[in-house]
Protein chains: 2
Amino acid sequence: MSQHPRGPRYTSLVEGLPATVPFVGPEAQERARGRSFRARIGANESVFGPSPQVVAAMQQAASECWMYADPENHDLKAALARHHGVGFENIVVGEGIDALLGYTVRMLIEPGEPVISSLGAYPTFNFHVAGYGGKLVRVPYAGDREDPEALLETARREDAKLVYFANPDNPMGSWWGAADVQRLIDGLPPGTVLLLDEAYSDTAPADAIPPIDVSNPQVLRLRTFSKAYGLAGLRVGYGIGEAGLIRSFDKIRNHFGVNRMAQVGALAALADQPYLGRVIGQIAQSRERIGAIVRANGLEALPSATNFVAVDCGGDGAFAKRVLEELIARDVFVRMPGVAPLDRCIRISAGTEADLAILAEALPEALRAARA
Amino acid sequence: MSQHPRGPRYTSLVEGLPATVPFVGPEAQERARGRSFRARIGANESVFGPSPQVVAAMQQAASECWMYADPENHDLKAALARHHGVGFENIVVGEGIDALLGYTVRMLIEPGEPVISSLGAYPTFNFHVAGYGGKLVRVPYAGDREDPEALLETARREDAKLVYFANPDNPMGSWWGAADVQRLIDGLPPGTVLLLDEAYSDTAPADAIPPIDVSNPQVLRLRTFSKAYGLAGLRVGYGIGEAGLIRSFDKIRNHFGVNRMAQVGALAALADQPYLGRVIGQIAQSRERIGAIVRANGLEALPSATNFVAVDCGGDGAFAKRVLEELIARDVFVRMPGVAPLDRCIRISAGTEADLAILAEALPEALRAARA
């Protein structure tokens with residue numbers, strides 16, 4: 001990109017990075033196709049939407065958007081601290097978990113230093129590791145789950161400062177029990193920080209989530225309002241951790257990055273736990289329905305602790321990709337894992353009854369076309 | 001912060017940074033005081049608020065916030081490109097100008113490399129330069145204006161990759177004419193990029209803004225919806241520049257950082273130019289009224305091309321600080337420049353008639369108290 005002799009002199013790191021968008025949004029696909037999707041069940045959003053109280057709070061706040069939001073996110077942090085039974089100093093709020101992942105990599109990783117994740121896990125984390133010049137070391141899944149023991153071994157071997165582990169997992173929907181996760185935490189070598197991405201914790205079985213221990217400076221728990229709370233479009237994620245680690249974010253974060261609507265919406269969402277409970281029930285029902293639909297078509301629905309279902313299409317990655325493309329051609333937006341052997345699956349997010357009726361109609365045709 | 005023997009191993013750069021909030025928000029002051037401000041005229045927000053069309057668009061979009069926003073910001077970028085008569089590929093949208101400043105520093109500056117700004121200019125830019133280990137070289141103002149000639153000389157002497165220049169200026173409200181700015185642009189040494197912060201361009205005289213030339217890879221123009229558009233709380237800034245420079249942001253930006261309400265609000269704001277025109281008129285009237293109030297108290301209002309007025313309190317920085325504190329004690333939120341000689345001033349943002357009536361009432365008392 002330095003084709004101009006007078007132009008910018010990028011850092012050598014940035015010079016070598018690709019210009020990319022880690023996820024192609026459904027909007028981009030719609031623009032390319034010139035046609036809208038009939039069912040938007042690919043990005044693990046919550047089709048059930050936010051609480052009516054959230055919508056009302058945001059509508060009320062719309063005329064107040066001339067004011068900068070509080071750069072300390074005070075009220076939201078205080079409410080989150082109460083909700084989780086931790087201190088105010090144990091919460092950091094960011095522009096989605098994505099931003100917090102980027103900040104954490106920036107805080108810890110010098111160019112060339114190893115960072116451990118799983119082969120097929122969250123691409124945006126990989127984007128940030130590459131963006132700060134880290135050396136990404138990826139451990140294969142154990143079956144359809146991330147492999148805590150192998151992550152630990154690799155962290156020890158590489159003397160890694162940072163390990164990423166999602167529980168429940170995206171893109172497979174699988175999970176480990178709290179005792180297994182605790183063993184991972186307890187086994188961390190000194191000086192290794194675990195990014196424990198719990199974006200899908202709201203829909204997980206209770207016994208998949210180990211107790212929060214904010215005295216441990218080696219674990220950052222990541223949560224979000226993007227999934228079961230139904231606020232993906234607001235970009236509010238947060239981290240729960242030891243006070244020193246949390247305070248470090250103030251060294252580098254975009255202090256005004258979380259906007260006023262995001263603060264207002266998240267605060268109202270947190271206050272309406274009964275609504276969250278109802279949505280979690282709807283998501284569970286929807287997973288059941290997706291399972292029934294795919295089984296009726298001879299496919300296998302993997303067990304899921306998330307708001308989506310990984311569906312084993314029964315062939316290789318190329319076949320699953322054809323199924324995906326044929327669904328998209330029938331205006332059903334779904335996604336799929338990027339690497340083998342996970343890529344034998346497609347990933348279908350919980351949908352409304354209407355969404356899933358469209359899926360039920362499109363899937364047999366898509367399979368026929370994919371097999372043709 | 002590495003008091004824990006097993007705790008995080010920060011990069012040496014991050015280890016050495018202070019944990020800070022570049023601006024203390026009025027909310028933090030209100031919490032500390034246990035009392036609300038009566039007039040919020042300190043953060044250069046637009047008390048006149050966003051267009052009613054913006055409020056309506058956001059209210060309508062509130063229930064759609066379960067969907068991620070388009071990570072490519074397509075519709076907003078397309079509208080901005082049309083508005084400015086440039087190509088789609090010449091626009092980057094970010095989480096406020098703040099985020100774009102951070103991204104630009106990250107793209108260009110290796111630790112220890114010089115970055116040029118003015119002594120007393122925008123603190124958040126300095127925060128980002130420090131955050132990436134840049135060596136900040138600051139040039140004194142020439143009177144109450146930034147000094148383009150001295151900035152150029154310093155950029156040449158230091159062989160700087162990056163120069164920051166705001167026109168109109170914050171915190172002084174001063175400005176240079178388009179020909180002067182063009183001379184700065186034309187004089188840039190090869191490989192030097194000018195960050196031309198035009199956050200206050202909407203309220204500037206037309207002849208202060210040089211024509212946009214997106215063929216020049218050495219200039220990034222920065223604009224925002226936070227000022228005259230009345231949307232500070234949404235965090236939408238954008239850059240206009242040469243396609244290669246713009247594309248580079250895709251290497252590192254938080255792709256989902258601009259949230260759905262921000263996209264919807266900004267798009268609606270851009271579409272209502274008549275409203276913007278009316279607000280610009282209100283801001284001009286308000287500046288006149290602030291001038292009249294401070295002159296009635298024996299102070300001098302500096303000429304302003306922005307939505308605020310720098311008020312020379314007629315003494316040194318310590319005196320201006322006392323005036324500021326006495327205004328705050330009377331529940332009037334204002335701010336002031338951080339360094340001499342600019343700090344002989346306080347900075348009063350355009351206010352409603354009600355805001356300025358409170359200012360008119362509080363200022364004589366504040367001055368008496370400050371002089372006592």
# chains A, B, ... in the order shown; residues from 1 in each chain; ligands from 1
>>> select_by_dssp(residues="range 125-250 of chain B", states="helix (DSSP H, G or I)", output="PyMOL selection string")
chain B and resi 125-131+148-158+178-186+201-203+206-208+232-234+243-250
>>> write_last_selection(atoms="N, CA and C atoms", output="compact mmCIF listing (two decimals), in the first residue's frame")
# COMPACT_ATOMS: atom_id res chain seq x y z
N PHE B 125 -5.42 12.67 21.71
CA PHE B 125 -4.40 12.31 20.73
C PHE B 125 -3.09 11.97 21.45
N ASN B 126 -2.72 12.79 22.43
CA ASN B 126 -1.50 12.52 23.20
C ASN B 126 -1.59 11.16 23.90
N PHE B 127 -2.78 10.85 24.42
CA PHE B 127 -3.00 9.56 25.08
C PHE B 127 -2.68 8.41 24.13
N HIS B 128 -3.12 8.52 22.89
CA HIS B 128 -2.87 7.45 21.93
C HIS B 128 -1.39 7.39 21.54
N VAL B 129 -0.77 8.55 21.37
CA VAL B 129 0.67 8.55 21.04
C VAL B 129 1.45 7.85 22.15
N ALA B 130 1.14 8.21 23.39
CA ALA B 130 1.80 7.54 24.52
C ALA B 130 1.49 6.05 24.52
N GLY B 131 0.25 5.72 24.20
CA GLY B 131 -0.19 4.33 24.24
C GLY B 131 0.52 3.43 23.25
N PRO B 148 1.15 26.54 12.09
CA PRO B 148 1.42 25.62 10.98
C PRO B 148 2.88 25.63 10.54
N GLU B 149 3.49 26.79 10.49
CA GLU B 149 4.88 26.87 10.03
C GLU B 149 5.81 26.11 10.98
N ALA B 150 5.58 26.33 12.27
CA ALA B 150 6.43 25.65 13.26
C ALA B 150 6.16 24.15 13.25
N LEU B 151 4.91 23.75 13.01
CA LEU B 151 4.61 22.32 12.91
C LEU B 151 5.38 21.70 11.75
N LEU B 152 5.37 22.41 10.62
CA LEU B 152 6.10 21.91 9.44
C LEU B 152 7.60 21.81 9.70
N GLU B 153 8.14 22.88 10.27
CA GLU B 153 9.59 22.88 10.56
C GLU B 153 9.95 21.72 11.47
N THR B 154 9.11 21.50 12.47
CA THR B 154 9.40 20.44 13.43
C THR B 154 9.25 19.07 12.78
N ALA B 155 8.24 18.94 11.93
CA ALA B 155 8.07 17.67 11.22
C ALA B 155 9.28 17.36 10.36
N ARG B 156 9.81 18.39 9.70
CA ARG B 156 11.01 18.20 8.86
C ARG B 156 12.21 17.84 9.72
N ARG B 157 12.38 18.58 10.78
CA ARG B 157 13.56 18.36 11.64
C ARG B 157 13.54 16.95 12.23
N GLU B 158 12.34 16.51 12.65
CA GLU B 158 12.23 15.21 13.31
C GLU B 158 12.01 14.07 12.32
N ALA B 178 -8.28 28.73 4.69
CA ALA B 178 -8.01 27.58 3.83
C ALA B 178 -6.64 27.67 3.15
N ALA B 179 -6.25 28.87 2.76
CA ALA B 179 -4.97 29.01 2.06
C ALA B 179 -3.81 28.65 2.98
N ASP B 180 -3.94 29.04 4.26
CA ASP B 180 -2.88 28.70 5.23
C ASP B 180 -2.82 27.19 5.45
N VAL B 181 -3.99 26.58 5.56
CA VAL B 181 -4.02 25.13 5.78
C VAL B 181 -3.46 24.41 4.55
N GLN B 182 -3.81 24.93 3.37
CA GLN B 182 -3.30 24.33 2.14
C GLN B 182 -1.78 24.44 2.08
N ARG B 183 -1.26 25.55 2.56
CA ARG B 183 0.21 25.71 2.59
C ARG B 183 0.83 24.67 3.50
N LEU B 184 0.18 24.40 4.62
CA LEU B 184 0.65 23.34 5.52
C LEU B 184 0.65 22.00 4.80
N ILE B 185 -0.45 21.73 4.12
CA ILE B 185 -0.56 20.45 3.39
C ILE B 185 0.53 20.35 2.32
N ASP B 186 0.67 21.41 1.56
CA ASP B 186 1.63 21.38 0.44
C ASP B 186 3.07 21.30 0.93
N SER B 201 -15.49 21.75 11.96
CA SER B 201 -15.62 22.35 10.63
C SER B 201 -17.04 22.84 10.34
N ASP B 202 -18.04 22.20 10.95
CA ASP B 202 -19.42 22.59 10.63
C ASP B 202 -19.72 24.03 11.03
N THR B 203 -19.05 24.49 12.09
CA THR B 203 -19.32 25.84 12.57
C THR B 203 -18.28 26.84 12.07
N ALA B 206 -16.68 29.31 5.87
CA ALA B 206 -16.42 28.47 4.69
C ALA B 206 -14.98 28.59 4.24
N ASP B 207 -14.39 29.77 4.39
CA ASP B 207 -13.03 29.96 3.86
C ASP B 207 -11.95 29.44 4.81
N ALA B 208 -12.35 28.67 5.83
CA ALA B 208 -11.36 28.04 6.70
C ALA B 208 -11.08 26.60 6.30
N ALA B 232 -22.88 13.55 20.24
CA ALA B 232 -21.65 13.16 20.95
C ALA B 232 -21.80 11.79 21.60
N GLY B 233 -23.00 11.50 22.11
CA GLY B 233 -23.21 10.24 22.82
C GLY B 233 -23.21 9.02 21.94
N LEU B 234 -23.27 9.22 20.60
CA LEU B 234 -23.32 8.06 19.71
C LEU B 234 -21.95 7.58 19.28
N ALA B 243 -7.49 6.38 -0.98
CA ALA B 243 -8.06 5.03 -0.83
C ALA B 243 -7.13 4.05 -0.13
N GLY B 244 -5.82 4.11 -0.42
CA GLY B 244 -4.89 3.17 0.20
C GLY B 244 -4.79 3.38 1.70
N LEU B 245 -4.72 4.64 2.08
CA LEU B 245 -4.67 4.97 3.51
C LEU B 245 -5.96 4.52 4.20
N ILE B 246 -7.08 4.79 3.56
CA ILE B 246 -8.38 4.42 4.14
C ILE B 246 -8.48 2.90 4.28
N ARG B 247 -8.05 2.19 3.24
CA ARG B 247 -8.15 0.72 3.27
C ARG B 247 -7.33 0.13 4.41
N SER B 248 -6.25 0.80 4.76
CA SER B 248 -5.38 0.28 5.81
C SER B 248 -6.09 0.14 7.16
N PHE B 249 -7.11 0.95 7.39
CA PHE B 249 -7.83 0.83 8.66
C PHE B 249 -8.46 -0.55 8.81
N ASP B 250 -8.80 -1.18 7.67
CA ASP B 250 -9.39 -2.52 7.74
C ASP B 250 -8.42 -3.56 8.28
>>> residues_around(residues="range 322-337 of chain A", least_positions_apart="3", cutoff="9 Å", atoms="only C-alpha atoms", output="PyMOL selection string")
chain A and resi 26+33+35-43+120-121+170-172+310+313+317-319+340-349+355+358-359+362-363+365-371
>>> closest_residue(among="B:Phe48, B:Tyr10, B:Tyr132, B:Tyr200", to="Pro168 in chain B", atoms="only C-alpha atoms")
B:Tyr200
>>> select_by_dssp(residues="range 162-354 of chain B", states="strand (DSSP E or B)", output="PDB file with N, CA, C and O atoms, in the first residue's frame")
ATOM      1  N   LEU B 162       3.982  11.586  11.383  1.00  0.00           N
ATOM      2  CA  LEU B 162       2.615  11.980  11.715  1.00  0.00           C
ATOM      3  C   LEU B 162       2.591  13.348  12.399  1.00  0.00           C
ATOM      4  O   LEU B 162       3.368  13.596  13.321  1.00  0.00           O
ATOM      5  N   VAL B 163       1.680  14.210  11.902  1.00  0.00           N
ATOM      6  CA  VAL B 163       1.482  15.535  12.479  1.00  0.00           C
ATOM      7  C   VAL B 163      -0.005  15.715  12.747  1.00  0.00           C
ATOM      8  O   VAL B 163      -0.837  15.399  11.889  1.00  0.00           O
ATOM      9  N   TYR B 164      -0.331  16.221  13.916  1.00  0.00           N
ATOM     10  CA  TYR B 164      -1.726  16.502  14.267  1.00  0.00           C
ATOM     11  C   TYR B 164      -1.953  18.007  14.240  1.00  0.00           C
ATOM     12  O   TYR B 164      -1.176  18.780  14.811  1.00  0.00           O
ATOM     13  N   PHE B 165      -3.059  18.401  13.601  1.00  0.00           N
ATOM     14  CA  PHE B 165      -3.389  19.830  13.501  1.00  0.00           C
ATOM     15  C   PHE B 165      -4.904  19.935  13.463  1.00  0.00           C
ATOM     16  O   PHE B 165      -5.556  19.288  12.631  1.00  0.00           O
ATOM     17  N   ALA B 166      -5.476  20.719  14.379  1.00  0.00           N
ATOM     18  CA  ALA B 166      -6.922  20.886  14.424  1.00  0.00           C
ATOM     19  C   ALA B 166      -7.286  22.256  13.876  1.00  0.00           C
ATOM     20  O   ALA B 166      -6.720  23.265  14.295  1.00  0.00           O
ATOM     21  N   VAL B 193       2.329  12.219   7.308  1.00  0.00           N
ATOM     22  CA  VAL B 193       0.872  12.274   7.194  1.00  0.00           C
ATOM     23  C   VAL B 193       0.339  13.337   8.151  1.00  0.00           C
ATOM     24  O   VAL B 193       0.747  13.399   9.315  1.00  0.00           O
ATOM     25  N   LEU B 194      -0.559  14.159   7.634  1.00  0.00           N
ATOM     26  CA  LEU B 194      -1.219  15.172   8.454  1.00  0.00           C
ATOM     27  C   LEU B 194      -2.593  14.666   8.879  1.00  0.00           C
ATOM     28  O   LEU B 194      -3.434  14.348   8.036  1.00  0.00           O
ATOM     29  N   LEU B 195      -2.797  14.588  10.197  1.00  0.00           N
ATOM     30  CA  LEU B 195      -4.136  14.351  10.726  1.00  0.00           C
ATOM     31  C   LEU B 195      -4.780  15.711  10.873  1.00  0.00           C
ATOM     32  O   LEU B 195      -4.448  16.468  11.793  1.00  0.00           O
ATOM     33  N   LEU B 196      -5.677  16.033   9.966  1.00  0.00           N
ATOM     34  CA  LEU B 196      -6.330  17.337   9.974  1.00  0.00           C
ATOM     35  C   LEU B 196      -7.681  17.178  10.673  1.00  0.00           C
ATOM     36  O   LEU B 196      -8.653  16.716  10.067  1.00  0.00           O
ATOM     37  N   ASP B 197      -7.696  17.507  11.947  1.00  0.00           N
ATOM     38  CA  ASP B 197      -8.886  17.297  12.771  1.00  0.00           C
ATOM     39  C   ASP B 197      -9.852  18.452  12.541  1.00  0.00           C
ATOM     40  O   ASP B 197      -9.616  19.566  12.992  1.00  0.00           O
ATOM     41  N   VAL B 219      -2.809  13.296   3.731  1.00  0.00           N
ATOM     42  CA  VAL B 219      -3.753  14.025   4.575  1.00  0.00           C
ATOM     43  C   VAL B 219      -4.938  13.139   4.917  1.00  0.00           C
ATOM     44  O   VAL B 219      -5.547  12.535   4.035  1.00  0.00           O
ATOM     45  N   LEU B 220      -5.265  13.057   6.186  1.00  0.00           N
ATOM     46  CA  LEU B 220      -6.507  12.418   6.602  1.00  0.00           C
ATOM     47  C   LEU B 220      -7.365  13.484   7.283  1.00  0.00           C
ATOM     48  O   LEU B 220      -6.977  14.053   8.302  1.00  0.00           O
ATOM     49  N   ARG B 221      -8.512  13.790   6.648  1.00  0.00           N
ATOM     50  CA  ARG B 221      -9.440  14.768   7.219  1.00  0.00           C
ATOM     51  C   ARG B 221     -10.350  14.029   8.181  1.00  0.00           C
ATOM     52  O   ARG B 221     -10.936  13.010   7.829  1.00  0.00           O
ATOM     53  N   LEU B 222     -10.536  14.570   9.381  1.00  0.00           N
ATOM     54  CA  LEU B 222     -11.364  13.921  10.395  1.00  0.00           C
ATOM     55  C   LEU B 222     -12.580  14.777  10.710  1.00  0.00           C
ATOM     56  O   LEU B 222     -12.460  15.961  10.989  1.00  0.00           O
ATOM     57  N   ARG B 223     -13.744  14.157  10.645  1.00  0.00           N
ATOM     58  CA  ARG B 223     -15.004  14.849  10.922  1.00  0.00           C
ATOM     59  C   ARG B 223     -15.796  14.049  11.950  1.00  0.00           C
ATOM     60  O   ARG B 223     -15.490  12.887  12.209  1.00  0.00           O
ATOM     61  N   THR B 224     -16.853  14.662  12.478  1.00  0.00           N
ATOM     62  CA  THR B 224     -17.591  13.981  13.542  1.00  0.00           C
ATOM     63  C   THR B 224     -19.054  14.383  13.566  1.00  0.00           C
ATOM     64  O   THR B 224     -19.409  15.471  13.104  1.00  0.00           O
ATOM     65  N   GLY B 237     -17.346   9.121  14.295  1.00  0.00           N
ATOM     66  CA  GLY B 237     -16.453  10.017  13.583  1.00  0.00           C
ATOM     67  C   GLY B 237     -16.105   9.360  12.265  1.00  0.00           C
ATOM     68  O   GLY B 237     -16.358   8.181  12.064  1.00  0.00           O
ATOM     69  N   TYR B 238     -15.537  10.160  11.354  1.00  0.00           N
ATOM     70  CA  TYR B 238     -15.105   9.531  10.109  1.00  0.00           C
ATOM     71  C   TYR B 238     -13.893  10.260   9.556  1.00  0.00           C
ATOM     72  O   TYR B 238     -13.608  11.407   9.903  1.00  0.00           O
ATOM     73  N   GLY B 239     -13.178   9.529   8.715  1.00  0.00           N
ATOM     74  CA  GLY B 239     -12.019  10.086   8.054  1.00  0.00           C
ATOM     75  C   GLY B 239     -12.256  10.106   6.558  1.00  0.00           C
ATOM     76  O   GLY B 239     -12.933   9.237   6.001  1.00  0.00           O
ATOM     77  N   ILE B 240     -11.706  11.123   5.908  1.00  0.00           N
ATOM     78  CA  ILE B 240     -11.773  11.236   4.450  1.00  0.00           C
ATOM     79  C   ILE B 240     -10.336  11.264   3.957  1.00  0.00           C
ATOM     80  O   ILE B 240      -9.549  12.108   4.412  1.00  0.00           O
ATOM     81  N   GLU B 300     -12.559  38.886  28.410  1.00  0.00           N
ATOM     82  CA  GLU B 300     -12.469  38.962  26.956  1.00  0.00           C
ATOM     83  C   GLU B 300     -12.855  37.626  26.335  1.00  0.00           C
ATOM     84  O   GLU B 300     -12.330  36.574  26.713  1.00  0.00           O
ATOM     85  N   ALA B 301     -13.790  37.674  25.387  1.00  0.00           N
ATOM     86  CA  ALA B 301     -14.163  36.470  24.631  1.00  0.00           C
ATOM     87  C   ALA B 301     -13.309  36.396  23.379  1.00  0.00           C
ATOM     88  O   ALA B 301     -13.326  37.321  22.557  1.00  0.00           O
ATOM     89  N   PHE B 308     -17.886  26.655  20.971  1.00  0.00           N
ATOM     90  CA  PHE B 308     -17.532  27.116  22.324  1.00  0.00           C
ATOM     91  C   PHE B 308     -16.781  28.428  22.210  1.00  0.00           C
ATOM     92  O   PHE B 308     -16.385  28.840  21.107  1.00  0.00           O
ATOM     93  N   VAL B 309     -16.580  29.057  23.339  1.00  0.00           N
ATOM     94  CA  VAL B 309     -15.838  30.315  23.383  1.00  0.00           C
ATOM     95  C   VAL B 309     -14.754  30.191  24.450  1.00  0.00           C
ATOM     96  O   VAL B 309     -15.040  29.815  25.595  1.00  0.00           O
ATOM     97  N   ALA B 310     -13.506  30.469  24.056  1.00  0.00           N
ATOM     98  CA  ALA B 310     -12.431  30.571  25.041  1.00  0.00           C
ATOM     99  C   ALA B 310     -12.487  31.974  25.628  1.00  0.00           C
ATOM    100  O   ALA B 310     -12.508  32.962  24.893  1.00  0.00           O
ATOM    101  N   VAL B 311     -12.546  32.035  26.937  1.00  0.00           N
ATOM    102  CA  VAL B 311     -12.718  33.307  27.634  1.00  0.00           C
ATOM    103  C   VAL B 311     -11.454  33.616  28.423  1.00  0.00           C
ATOM    104  O   VAL B 311     -11.081  32.866  29.334  1.00  0.00           O
ATOM    105  N   ASP B 312     -10.795  34.703  28.029  1.00  0.00           N
ATOM    106  CA  ASP B 312      -9.581  35.130  28.720  1.00  0.00           C
ATOM    107  C   ASP B 312      -9.984  35.769  30.048  1.00  0.00           C
ATOM    108  O   ASP B 312     -10.651  36.807  30.065  1.00  0.00           O
ATOM    109  N   VAL B 332     -22.131  25.119  37.429  1.00  0.00           N
ATOM    110  CA  VAL B 332     -21.950  25.381  35.999  1.00  0.00           C
ATOM    111  C   VAL B 332     -20.738  24.580  35.529  1.00  0.00           C
ATOM    112  O   VAL B 332     -19.609  24.842  35.952  1.00  0.00           O
ATOM    113  N   PHE B 333     -20.983  23.576  34.668  1.00  0.00           N
ATOM    114  CA  PHE B 333     -19.896  22.727  34.171  1.00  0.00           C
ATOM    115  C   PHE B 333     -19.208  23.401  33.005  1.00  0.00           C
ATOM    116  O   PHE B 333     -19.794  23.580  31.936  1.00  0.00           O
ATOM    117  N   ARG B 335     -14.903  23.801  31.236  1.00  0.00           N
ATOM    118  CA  ARG B 335     -13.549  23.256  31.276  1.00  0.00           C
ATOM    119  C   ARG B 335     -12.547  24.352  30.915  1.00  0.00           C
ATOM    120  O   ARG B 335     -12.932  25.483  30.608  1.00  0.00           O
ATOM    121  N   CYS B 345      -7.341  31.094  30.083  1.00  0.00           N
ATOM    122  CA  CYS B 345      -8.729  31.069  29.610  1.00  0.00           C
ATOM    123  C   CYS B 345      -9.535  29.953  30.275  1.00  0.00           C
ATOM    124  O   CYS B 345      -8.983  28.949  30.725  1.00  0.00           O
ATOM    125  N   ILE B 346     -10.843  30.132  30.303  1.00  0.00           N
ATOM    126  CA  ILE B 346     -11.759  29.012  30.504  1.00  0.00           C
ATOM    127  C   ILE B 346     -12.538  28.836  29.198  1.00  0.00           C
ATOM    128  O   ILE B 346     -12.586  29.749  28.368  1.00  0.00           O
ATOM    129  N   ARG B 347     -13.121  27.658  29.048  1.00  0.00           N
ATOM    130  CA  ARG B 347     -13.762  27.303  27.784  1.00  0.00           C
ATOM    131  C   ARG B 347     -15.243  27.056  28.040  1.00  0.00           C
ATOM    132  O   ARG B 347     -15.596  26.158  28.796  1.00  0.00           O
ATOM    133  N   ILE B 348     -16.082  27.868  27.437  1.00  0.00           N
ATOM    134  CA  ILE B 348     -17.525  27.776  27.682  1.00  0.00           C
ATOM    135  C   ILE B 348     -18.219  27.337  26.390  1.00  0.00           C
ATOM    136  O   ILE B 348     -18.127  28.013  25.365  1.00  0.00           O
ATOM    137  N   SER B 349     -18.924  26.217  26.453  1.00  0.00           N
ATOM    138  CA  SER B 349     -19.619  25.706  25.269  1.00  0.00           C
ATOM    139  C   SER B 349     -20.916  26.466  25.050  1.00  0.00           C
ATOM    140  O   SER B 349     -21.537  26.957  26.001  1.00  0.00           O
TER     141      SER B 349
END
>>> closest_residue(among="B:Gly291, B:Gly281, B:Pro303, B:Gly257", to="Gly102 in chain A", atoms="only C-alpha atoms")
B:Gly257
>>> atom_distance(atom1="CA of Ala57 in chain A", atom2="CA of Lys77 in chain B")
28.2 Å
>>> atom_distance(atom1="CA of Gly16 in chain B", atom2="CA of His255 in chain A")
18.8 Å
>>> closest_residue(among="A:Ile97, A:Leu356, A:Gly241, A:Gly25", to="Ala292 in chain A", atoms="only C-alpha atoms")
A:Leu356
>>> residues_around(residues="Thr11 in chain A", least_positions_apart="4", cutoff="8 Å", atoms="only C-alpha atoms", output="PDB file with all heavy atoms, in the first residue's frame")
ATOM      1  N   GLU A  15       2.305  -2.948   7.798  1.00  0.00           N
ATOM      2  CA  GLU A  15       2.591  -3.128   6.366  1.00  0.00           C
ATOM      3  C   GLU A  15       2.310  -4.564   5.928  1.00  0.00           C
ATOM      4  O   GLU A  15       1.790  -4.812   4.833  1.00  0.00           O
ATOM      5  CB  GLU A  15       4.061  -2.763   6.098  1.00  0.00           C
ATOM      6  CG  GLU A  15       4.474  -2.729   4.648  1.00  0.00           C
ATOM      7  CD  GLU A  15       3.912  -1.521   3.916  1.00  0.00           C
ATOM      8  OE1 GLU A  15       4.053  -0.389   4.419  1.00  0.00           O
ATOM      9  OE2 GLU A  15       3.323  -1.724   2.848  1.00  0.00           O
TER      10      GLU A  15
ATOM     11  N   MET B 107      -1.091   2.546  13.180  1.00  0.00           N
ATOM     12  CA  MET B 107      -0.654   2.145  11.840  1.00  0.00           C
ATOM     13  C   MET B 107       0.731   2.670  11.487  1.00  0.00           C
ATOM     14  O   MET B 107       1.434   2.071  10.689  1.00  0.00           O
ATOM     15  CB  MET B 107      -1.659   2.636  10.792  1.00  0.00           C
ATOM     16  CG  MET B 107      -2.986   1.909  10.862  1.00  0.00           C
ATOM     17  SD  MET B 107      -3.954   2.091   9.349  1.00  0.00           S
ATOM     18  CE  MET B 107      -4.296   3.848   9.355  1.00  0.00           C
ATOM     19  N   LEU B 108       1.095   3.824  12.063  1.00  0.00           N
ATOM     20  CA  LEU B 108       2.298   4.502  11.587  1.00  0.00           C
ATOM     21  C   LEU B 108       3.462   4.509  12.563  1.00  0.00           C
ATOM     22  O   LEU B 108       4.620   4.570  12.131  1.00  0.00           O
ATOM     23  CB  LEU B 108       1.957   5.961  11.223  1.00  0.00           C
ATOM     24  CG  LEU B 108       0.911   6.170  10.125  1.00  0.00           C
ATOM     25  CD1 LEU B 108       0.691   7.655   9.894  1.00  0.00           C
ATOM     26  CD2 LEU B 108       1.332   5.499   8.821  1.00  0.00           C
ATOM     27  N   ILE B 109       3.179   4.481  13.847  1.00  0.00           N
ATOM     28  CA  ILE B 109       4.220   4.839  14.818  1.00  0.00           C
ATOM     29  C   ILE B 109       4.790   3.621  15.542  1.00  0.00           C
ATOM     30  O   ILE B 109       4.065   2.884  16.203  1.00  0.00           O
ATOM     31  CB  ILE B 109       3.656   5.858  15.830  1.00  0.00           C
ATOM     32  CG1 ILE B 109       3.150   7.106  15.083  1.00  0.00           C
ATOM     33  CG2 ILE B 109       4.707   6.233  16.870  1.00  0.00           C
ATOM     34  CD1 ILE B 109       4.204   7.788  14.221  1.00  0.00           C
ATOM     35  N   GLU B 110       6.094   3.442  15.419  1.00  0.00           N
ATOM     36  CA  GLU B 110       6.819   2.451  16.216  1.00  0.00           C
ATOM     37  C   GLU B 110       7.283   3.144  17.509  1.00  0.00           C
ATOM     38  O   GLU B 110       7.473   4.360  17.525  1.00  0.00           O
ATOM     39  CB  GLU B 110       8.065   1.959  15.457  1.00  0.00           C
ATOM     40  CG  GLU B 110       7.856   1.611  14.008  1.00  0.00           C
ATOM     41  CD  GLU B 110       7.724   0.109  13.778  1.00  0.00           C
ATOM     42  OE1 GLU B 110       7.537  -0.636  14.762  1.00  0.00           O
ATOM     43  OE2 GLU B 110       7.780  -0.311  12.606  1.00  0.00           O
TER      44      GLU B 110
END
>>> closest_residue(among="B:Glu288, B:Glu45, B:Glu27, B:Asp75", to="Ala199 in chain B", atoms="only C-alpha atoms")
B:Glu45
>>> residues_around(residues="Ala284 in chain B", least_positions_apart="3", cutoff="10 Å", atoms="only C-alpha atoms", output="list in words")
Thr203, Arg278, Val279, Ile280, Gly281, Arg287, Glu288, Arg289, Ile290, Ser304, Ala305, Thr306, Asn307, Phe308 and Ala350 of chain B
>>> atom_distance(atom1="CA of Gly265 in chain B", atom2="CA of Met58 in chain B")
5.9 Å
